[in-house]
Each structure stands twice: as structure tokens, then as C-alpha cells.
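Participant: After the C-alpha cells below, expect a handful of questions from me.
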Amino acid sequence: MSTQQLLRVTGELVKVGEVQPEIEPRESLPSRTRRILFLLAASIALMMTGYGIVLPVFAKRLGELGSGVAALGLMSMGFAFAQLLLSPFMGSFADRFGRKPLILIALAGEVVANSTFVLAHSPGLYIAVRVFQGAITAGLLPAVMGVVADTVPERQRARWMGIVMGSYGAGFIFGPALGGFLFDHWGFVAPFGVSAALALVALILAFVMVPETLLLLDFIATFGFAFIEPQMMFYMYNQLFLSPTQLGIIVGGYGLAMLVGQASLGQLSDRYGRKPLIVLGLLLSFMLYPGLIFIHQFGLIFVVAAVAGTGGALVSPALSAAYLDIADPEHRSQVMGIRGSSAALGGVMGPMLVAVISLWTTPQGIFAISGGVTLVAVFLALVVLKGRARSDMLPANEEFKAAPLDGGDLQEPELVNG
């Protein structure tokens, strides 16, 4: 079959009927991948803002401690030298054990380093902490680049590399000016404190980025009460002047609400979804902490404790079901064991930390910390718990529709015969 030649507007000769090559449209990343990358960029931007905040402060602080250029030079050299030595090994570590551990370790290290700068009172300690900071963050860049390479198609990698790497520069836009302002008005503690707080927020965002957030929710749910429990006992005796009987009734009311609530309300997440019940339960649990701060009457404290116990009764079954929704049948026992370890860790860390922090703050401050941590868990649940629970196989040709994480309309369980 002959083809007819036509003249294009451009003056080129083309053949009619010849199939012209199509321009392939740019692939669109899944929404979850975009969310992970933006959260990763935001966490790095926050960390680097904190890094920029403390840069103008080092020289002034070292001057206050009687040191000068030599100490500041050793700090800069130590940071860079630690990164030079460890970056290649950290890249291999990320390839072998995963990107997430290195990102979380680096961000947690920033929190520790900036908190230690507040307590440091000698140039030698500043130099040592700066070397530690360089070493602990050496794996951050390789891990971040690995996340982009793992999640983004080759044709879009340069674009997303630019977005994520641009967040590194974001810290130097406002960070140094903010650090100077904080130092001028509130002294050296303020810049390091704000920098540590920003690194902590970045760490939380990184937790949002990874699917293990259920473990964090379990940890916080246990940690919140374990953290206040030792302080709460002395607070009720020494400041509210309650009797042992009254204290026993309050704690018993909390436990009774947990028991009755789990037996009677546990099935609500099957009807309304895991996420709404987890969020509601965490909010009800949160009520205990402002209640302890602002309420001083025995009867009202008992009511607040019962409400908080009801919140715990909503959270526990919904979280357990959420684990089972995402676990393969052959791994469910292992997953629930890991869940138990996460909750047990919260039970260990709470009393251990309050033993130290109670030396520095009031009982109301202890309660406020637990309240803030619980609100962080609410935020994580709102951001992370999305989508529907996966249908799981049940024995003997029977299968029930799984509950949605987001709630919504759900019909009665439907029996499907094979």
C-alpha cells in the first residue's frame, strides 16, 4: 500500500499513515510515596534549621568559656573529620540494614547533641560533642539518597533529589539569624534548646514516614501513664492530701473502666474503623494529664481517671486489630510479640526518665510532658493511619470483610462460602 507524502507547516515531508512516536507522559508517583518524600524533606529542613541556629552561638559561647579560634577550629575539624571517616561505612550500613535506622539514629543524635550543648561548661566537652554530632549524622545523607533511589523511578530521580537536597539549604535561610536573636535575648540555652526541639520534631516526622508507626503508638500509650505513675502517687499524697483509700479508689476506677470498656467497646473499631477509635481513645487518655494539673477534688479526679481508662479501653483493641490487619497469617504471633516488646519498652522508659526529669521540674511539668507526648501520638494517628484494613483469610472457607482504618460505612460482616 502506497503512502502519500504531505508537507507539514514546518516544511518537512511526512508520510500519511506512518505512526509517529508518542511522547510518554511523566509518570505520577503514588500519593504515599510523595508523602514520604515530602515528610523526609520537611524533617531534614527542620534539622538543618536547628543546625543553622547554633552556628552563630558557638563562637560567643566559647568566648564566654575563655576559649577562642583554636577551639572553634577544632570543633569544625572534628565534625568534618568524623563525617569523612564514617560516611562510606554508613552508606554500606544503609544498604545492608535499611535506610530507616540511619535516618532515625541521625535525628535522635541531633536531639542528644544539642541537649548536651546546653549542659556543657568546657571547650573540651564542646569539641567532643561536636565530633559525636558529625559521627552520628554521617549516615544521614547516604540514607536519604537511598530512600529517593528506592522509591522514585529513574526519570524523576533528579527532580526529587533536588527537592530533598534543597531542604538542606533551607536551614541556612532563617537558622543563623534566628539563632543570633535567641542568643541576644535569652542567652545560650535558648538556641540549643530550640535546635534540639526542631530535631525532635524532625525525628517525629521521620517516624511518620515509616510503617512501624503502630509500634510507636503502642510505646506512647504505655509510656504516658508509666512516666507519671511514680510522681502521681507522691503528688496525690503530699499536695492533694488524699488518703490511701482515695488513691486506691482512683486507680481502681481507672482499671475498672479499662476492663469494662475493652469488654463492651472493643468491637466498635470493627464497625467504625481502627483510626477513629485510636484517635478518640488517645484523646480521652490525654484528659488525665490536664485533669491532674488543674483539678484538686477527689470526686472529679476519679471521673477524669475513669474517662482516661475508657480511652485506654478504646485504644488497645483497635491497635491490636490494626496489627492483625496488616500482618500475614503466618507472622501474626511474631508481630504481636514485637508489639508487646514495644509496649514493655514504654513501661521501662517511663519510670526511668521520670526519675531523672523529676529532679528538674515540678509534678505539673511531669504531667504536661505526658500530655504533650500523647498529643504527638494523636497527630501520628491522624497522619499515618489511612486506608482500609486488608481482608485476612479465616479458616475453613470462611472470610469476613475487614474493618477500614479510616472508618466510613461498613456493612455487617458478610459470610462468603468458597
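Chain labels run A, B, ... following the order of the C-alpha cells; each chain numbers its residues from 1, and ligands are numbered from 1 in the order shown.
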Using only C-alpha atoms, determine which residues lie at most 12 Å from Phe183 of chain A, disregarding the query and same-chain residues fewer than 2 positions distant; provide the list as a list in words.
Facilitator: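 Those residues are Ile53, Val54, Leu55, Pro56, Val57, Phe58, Ala59, Lys60, Arg61, Pro176, Ala177, Leu178, Gly179, Gly180, Phe181, His185, Trp186, Gly187, Phe188, Val189, Ala190, Pro191, Phe192, Gly193 and Val194 of chain A.
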Participant: Please provide the set of residues having any atom within 12 Å of Val152 of chain A, restricted to only C-alpha atoms, with same-chain residues fewer than 6 positions apart removed, written as a ChimeraX atom specification.
Facilitator: /A:27-34,36-37,145-146,158-161
Participant: From the set A:Ile173, A:Ala313, A:Ile295, A:Ile228, which residue has the shortest atom-to-atom contact distance to Leu268 of chain A, counting only C-alpha atoms?
Facilitator: A:Ala313
Participant: Could you write out, as a PyMOL selection string, all the residues of segment 9-232 of chain A that DSSP marks as helix (DSSP H, G or I)?
Facilitator: chain A and resi 31-64+69-97+99-119+123-136+140-151+154-186+189-209+213-232
Participant: If you count only C-alpha atoms, which residues fall within 7 Å of Ala41 of chain A, apart from same-chain ones fewer than 3 positions away, as a PDB file with C-alpha atoms, in the first residue's frame?
Facilitator:
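Produced file selection.pdb, reproduced below:
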ATOM      1  CA  LEU A  37       9.402  12.226  50.288  1.00  0.00           C
ATOM      2  CA  PHE A  38       7.832  15.498  51.424  1.00  0.00           C
ATOM      3  CA  ILE A  44      15.705  17.447  57.047  1.00  0.00           C
ATOM      4  CA  ALA A  45      14.725  21.113  56.678  1.00  0.00           C
ATOM      5  CA  VAL A 164      15.019  16.734  49.081  1.00  0.00           C
ATOM      6  CA  SER A 167      15.762  21.144  52.208  1.00  0.00           C
TER       7      SER A 167
END
Participant: Pick from A:Gly253, A:Gly346, A:Gly175, A:Pro290: nearest to Met48 of chain A, with only C-alpha atoms counted?
Facilitator: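 Going through A:Gly253, A:Gly346, A:Gly175, A:Pro290 one by one, the smallest distance to Met48 of chain A is for A:Gly175.
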Participant: Using only C-alpha atoms, determine which residues lie at most 12 Å from Leu300 of chain A, disregarding the query and same-chain residues fewer than 2 positions distant; provide the list as a ChimeraX atom specification.
Facilitator: /A:246,250,253,287-288,291-292,294-298,302-307
Participant: When you draw a straight line from atom CA of Gly266 of chain A to atom CA of Gly281 of chain A, how long is it in Å?
Facilitator: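 A separation of 11.1 Å between them.
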Participant: Smallest atom-to-atom distance to Gln83 of chain A: which of A:Gly139, A:Pro244, A:Gly66, A:Gly124, using only C-alpha atoms?
Facilitator: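 Using only C-alpha atoms, the shortest distance to Gln83 of chain A belongs to A:Gly139.
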Participant: Give me the residues within 12 Å of segment 352-359 of chain A as a list in words, counting only C-alpha atoms and dropping any in the same chain fewer than 2 places off.
Facilitator: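 Neighbouring residues, sequence-local ones excluded: Phe223, Gly224, Phe225, Ala226, Phe227, Ile228, Glu229, Pro230, Gln231, Met232, Phe234, Tyr235, Leu345, Gly346, Gly347, Val348, Met349, Gly350, Thr361, Thr362, Pro363, Gln364, Gly365, Ile366, Phe367, Ile369 and Ser370 of chain A.
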Participant: Atom CA of Ser320 of chain A and atom CA of Leu382 of chain A are how many Å apart?
Facilitator: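 Interatomic distance here is 17.3 Å.
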Participant: What is the atom CA of Gly169 of chain A to atom CA of Leu140 of chain A distance in Å?
Facilitator: 14.9 Å
Participant: Counting only C-alpha atoms, which residue out of A:Ala135, A:Ala197, A:Gly68, A:Ser76 sits closest to Ser43 of chain A?
Facilitator: A:Ala197
Participant: Of the candidates A:Leu277, A:Ile103, A:Leu380, A:Val111, which one gets nearest to Gln262 of chain A if we count only C-alpha atoms?
Facilitator: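 Using only C-alpha atoms, Gln262 of chain A sits closest to A:Leu277.
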Participant: Can you tell me, as a list in words, what residues are no more than 12 Å from Ala344 of chain A when counting only C-alpha atoms, ignoring any on the same chain fewer than 4 positions away?
Facilitator: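 Final neighbour list, sorted by chain and number: Leu215, Leu216, Asp218, Phe219, Ile220, Ala221, Thr222, Phe223, Ala226, Gly337, Ile338, Arg339, Gly340, Val348, Met349, Gly350 and Pro351 of chain A.
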Participant: Take the residues from that selection and put them in a file with C-alpha atoms, as a tab-separated table (two decimals), in the first residue's frame.
Facilitator:
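Generated file (result_23.tsv):
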chain	number	residue	atom	x	y	z
A	215	LEU	CA	4.82	0.36	67.36
A	216	LEU	CA	5.36	4.00	68.32
A	218	ASP	CA	1.89	1.35	71.43
A	219	PHE	CA	5.04	2.68	73.04
A	220	ILE	CA	3.49	6.09	73.76
A	221	ALA	CA	0.23	4.61	75.05
A	222	THR	CA	2.20	2.70	77.69
A	223	PHE	CA	4.89	5.32	78.28
A	226	ALA	CA	4.20	4.80	83.24
A	337	GLY	CA	5.26	-10.37	70.23
A	338	ILE	CA	7.05	-7.34	68.77
A	339	ARG	CA	4.06	-5.24	69.77
A	340	GLY	CA	4.36	-6.49	73.34
A	348	VAL	CA	10.60	0.62	81.28
A	349	MET	CA	11.49	4.02	79.81
A	350	GLY	CA	8.71	5.91	81.61
A	351	PRO	CA	9.82	5.34	85.23
